[in-house]
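Enquirer: This one is target-v1.pdb, PDB, C-alpha atoms.
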```pdb
ATOM      1  CA  MET A   1     101.937  88.734 105.893
ATOM      2  CA  ASN A   2     105.409  87.235 106.013
ATOM      3  CA  LEU A   3     107.809  89.080 108.308
ATOM      4  CA  LYS A   4     111.562  88.536 108.175
ATOM      5  CA  ILE A   5     113.895  90.438 110.503
ATOM      6  CA  THR A   6     117.646  90.122 110.030
ATOM      7  CA  GLY A   7     120.555  91.710 111.822
ATOM      8  CA  LEU A   8     123.939  92.410 110.260
ATOM      9  CA  HIS A   9     126.648  92.594 112.932
ATOM     10  CA  LEU A  10     123.798  92.720 115.430
ATOM     11  CA  GLU A  11     121.707  90.218 117.347
ATOM     12  CA  VAL A  12     117.972  90.791 116.977
ATOM     13  CA  THR A  13     116.638  90.665 120.531
ATOM     14  CA  PRO A  14     113.018  89.835 121.390
ATOM     15  CA  ALA A  15     112.561  93.470 122.498
ATOM     16  CA  LEU A  16     113.662  94.747 119.074
ATOM     17  CA  ARG A  17     111.416  92.204 117.354
ATOM     18  CA  GLU A  18     108.388  93.270 119.420
ATOM     19  CA  PHE A  19     109.148  96.953 118.795
ATOM     20  CA  ILE A  20     109.281  96.403 115.035
ATOM     21  CA  GLU A  21     106.097  94.316 115.028
ATOM     22  CA  SER A  22     104.203  96.954 117.015
ATOM     23  CA  LYS A  23     105.352  99.685 114.608
ATOM     24  CA  LEU A  24     104.363  97.586 111.582
ATOM     25  CA  GLU A  25     100.790  97.324 112.877
ATOM     26  CA  ARG A  26     100.355 100.986 111.926
ATOM     27  CA  ILE A  27     101.342 100.170 108.343
ATOM     28  CA  THR A  28      99.043  97.163 108.061
ATOM     29  CA  ARG A  29      96.179  99.332 109.284
ATOM     30  CA  HIS A  30      96.510 101.497 106.156
ATOM     31  CA  VAL A  31      96.747  98.727 103.574
ATOM     32  CA  ASP A  32      95.529  95.180 103.826
ATOM     33  CA  ASN A  33      97.324  93.732 100.804
ATOM     34  CA  VAL A  34     100.793  93.412 102.384
ATOM     35  CA  ILE A  35     102.387  90.219 101.094
ATOM     36  CA  GLY A  36     105.756  90.318 102.806
ATOM     37  CA  VAL A  37     108.022  92.549 104.871
ATOM     38  CA  THR A  38     111.799  92.226 105.195
ATOM     39  CA  VAL A  39     113.539  94.324 107.852
ATOM     40  CA  THR A  40     117.338  94.542 107.970
ATOM     41  CA  LEU A  41     119.090  96.076 110.968
ATOM     42  CA  SER A  42     122.801  96.834 110.759
ATOM     43  CA  VAL A  43     125.554  98.510 112.733
ATOM     44  CA  ASP A  44     128.532 100.263 111.142
ATOM     45  CA  LYS A  45     130.801 101.826 113.757
ATOM     46  CA  LEU A  46     128.546 104.401 115.470
ATOM     47  CA  VAL A  47     125.765 104.428 112.861
ATOM     48  CA  GLN A  48     122.702 102.263 113.433
ATOM     49  CA  LYS A  49     120.862 101.608 110.173
ATOM     50  CA  ALA A  50     117.422 100.141 109.549
ATOM     51  CA  GLU A  51     116.066  99.153 106.136
ATOM     52  CA  VAL A  52     112.723  97.715 105.132
ATOM     53  CA  ASN A  53     111.358  96.184 101.933
ATOM     54  CA  VAL A  54     107.580  95.941 101.814
ATOM     55  CA  HIS A  55     106.036  93.813  99.087
ATOM     56  CA  LEU A  56     102.496  95.020  98.357
ATOM     57  CA  ALA A  57     100.152  93.760  95.677
ATOM     58  CA  GLY A  58     101.337  95.838  92.728
ATOM     59  CA  LYS A  59     104.354  97.596  94.266
ATOM     60  CA  ASP A  60     107.540  97.102  96.260
ATOM     61  CA  ILE A  61     108.561  99.846  98.689
ATOM     62  CA  HIS A  62     112.117 100.244  99.983
ATOM     63  CA  VAL A  63     112.923 102.651 102.839
ATOM     64  CA  GLU A  64     116.135 103.310 104.821
ATOM     65  CA  ALA A  65     116.890 105.311 107.965
ATOM     66  CA  SER A  66     120.019 105.855 110.059
ATOM     67  CA  ASP A  67     120.569 107.217 113.552
ATOM     68  CA  SER A  68     122.892 106.836 116.527
ATOM     69  CA  ASP A  69     120.201 104.826 118.373
ATOM     70  CA  MET A  70     118.565 101.750 116.831
ATOM     71  CA  TYR A  71     115.123 102.511 118.266
ATOM     72  CA  ALA A  72     115.279 106.069 116.861
ATOM     73  CA  ALA A  73     116.319 104.666 113.474
ATOM     74  CA  ILE A  74     113.354 102.281 113.516
ATOM     75  CA  ASP A  75     110.996 105.137 114.465
ATOM     76  CA  ALA A  76     112.272 107.274 111.580
ATOM     77  CA  LEU A  77     112.029 104.273 109.258
ATOM     78  CA  MET A  78     108.405 103.603 110.156
ATOM     79  CA  ASP A  79     107.477 107.283 109.714
ATOM     80  CA  LYS A  80     108.988 107.260 106.219
ATOM     81  CA  LEU A  81     107.330 103.956 105.404
ATOM     82  CA  ASP A  82     103.964 105.241 106.634
ATOM     83  CA  ARG A  83     104.193 108.230 104.275
ATOM     84  CA  GLN A  84     105.158 105.999 101.343
ATOM     85  CA  VAL A  85     102.295 103.564 101.987
ATOM     86  CA  LEU A  86      99.746 106.384 102.296
ATOM     87  CA  LYS A  87     101.051 107.896  99.055
ATOM     88  CA  PHE A  88     100.695 104.532  97.306
ATOM     89  CA  LYS A  89      97.188 104.072  98.695
ATOM     90  CA  GLU A  90      96.117 107.548  97.508
ATOM     91  CA  LYS A  91      97.461 106.927  94.011
ATOM     92  CA  GLN A  92      95.765 103.560  93.860
ATOM     93  CA  GLY A  93      92.453 105.095  94.920
ATOM     94  CA  GLU A  94      92.785 107.946  92.388
ATOM     95  CA  HIS A  95      93.276 105.529  89.509
ATOM     96  CA  ARG A  96      90.236 103.520  90.492
ATOM     97  CA  SER A  97      87.961 106.525  90.953
ATOM     98  CA  ILE A  98      88.970 108.312  87.723
ATOM     99  CA  ALA A  99      88.360 105.436  85.331
ATOM    100  CA  PRO A 100      84.638 104.846  86.088
ATOM    101  CA  GLN A 101      83.894 108.574  85.898
ATOM    102  CA  ALA A 102      85.460 108.775  82.433
ATOM    103  CA  ASP A 103      83.375 105.813  81.263
ATOM    104  CA  ALA A 104      80.187 107.433  82.575
ATOM    105  CA  ALA A 105      80.994 110.681  80.740
ATOM    106  CA  ASP A 106      81.596 108.795  77.481
ATOM    107  CA  ALA A 107      78.321 106.906  77.849
ATOM    108  CA  ALA A 108      76.382 110.194  78.272
ATOM    109  CA  LEU A 109      77.615 111.413  74.866
TER     110      LEU A 109
END
```
Written as structure tokens, that's how I'd like the structure from this file.

Expert:
Amino acid sequence: MNLKITGLHLEVTPALREFIESKLERITRHVDNVIGVTVTLSVDKLVQKAEVNVHLAGKDIHVEASDSDMYAAIDALMDKLDRQVLKFKEKQGEHRSIAPQADAADAAL
């Protein structure tokens, strides 16, 4: 997995980098086909914004979150991303499990 963390109007400290990496471990536990992750952290006046683009095999997921605290924004971002990844994984599993059952039913006729 390629990980790229960028900061717009913000210096990415080692503490922020470690925090993001530890939160991303939860995502990589759900799916193992993560190709690349790009995290963008930005500051606009009093709003701290975090964005992530996750490139999976077969899908790209984009999630954004804003808060007054950067760590809170990253937490909210990872919660949203976790839900999106689980939703993708469920859909992927449904497609795989439905197709063989349909073939088996056709063969019985």

Enquirer: If I take atom CA of His30 of chain A and atom CA of Ala15 of chain A, how far is one from the other in Å, to one decimal?

Expert: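 Separation between atom CA of His30 of chain A and atom CA of Ala15 of chain A: 24.3 Å.
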
Enquirer: Excluding Lys80 of chain A and any residue of its chain fewer than 5 positions from it, enumerate the residues within 9 Å of it, using all atoms listed in the file, and give them as JSON, numbers by chain.

Expert: {"A": [63, 64, 65, 75, 85]}

Enquirer: Check the smallest atom-to-atom distance from each of A:Met78, A:Val54, A:Gln48, A:Leu24 to Ser66 of chain A using only C-alpha atoms, then report the winner.

Expert: A:Gln48

Enquirer: Please indicate the distance in Å from atom CA of Asp79 of chain A to atom CA of Asp60 of chain A, rounded to one decimal place.

Expert: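 Separation of atom CA of Asp79 of chain A and atom CA of Asp60 of chain A: 16.9 Å.
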
Enquirer: Please give the centre and size of the box around segment 66-75 of chain A (axis-aligned, containing every atom listed in the file, 8 Å added per side), with values in Å to one decimal and written as AutoDock Vina command-line options.

Expert:
```
--center_x 116.9 --center_y 104.5 --center_z 114.2 --size_x 27.9 --size_y 21.5 --size_z 24.3
```

Enquirer: Env of Gly36 of chain A: 9 Å cut, atoms = all atoms listed in the file, seq-sep filter 4 positions within chain, self excluded. Answer as a count of residues only.

Expert: 8

Enquirer: Smallest atom-to-atom distance to Arg29 of chain A: which of A:Asp82, A:Glu94, A:Glu11, A:Asp67, using all atoms listed in the file?

Expert: A:Asp82

Enquirer: Quick check, in Å to one decimal: how far apart do atom CA of Thr6 of chain A and atom CA of Gly58 of chain A lie?

Expert: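 Computing the Euclidean distance for atom CA of Thr6 of chain A and atom CA of Gly58 of chain A yields 24.5 Å.
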
Enquirer: Can you turn the PyMOL selection byres ((chain A and resi 86) around 12) into a concrete residue list for this file, as a ChimeraX atom specification?

Expert: /A:26-31,61,79-85,87-93

Enquirer: Pick out the closest residue to Glu51 of chain A from this set: A:Ile20, A:Leu8, A:Ala72, A:Val39. Count only C-alpha atoms.

Expert: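 Among A:Ile20, A:Leu8, A:Ala72, A:Val39, it is A:Val39 that comes nearest to Glu51 of chain A.
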
Enquirer: Just checking: using only C-alpha atoms, which residue out of A:Ala57, A:Leu16, A:Val43, A:Leu10 ends up closest to Ile74 of chain A?

Expert: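 Going through A:Ala57, A:Leu16, A:Val43, A:Leu10 one by one, the smallest distance to Ile74 of chain A is for A:Leu16.
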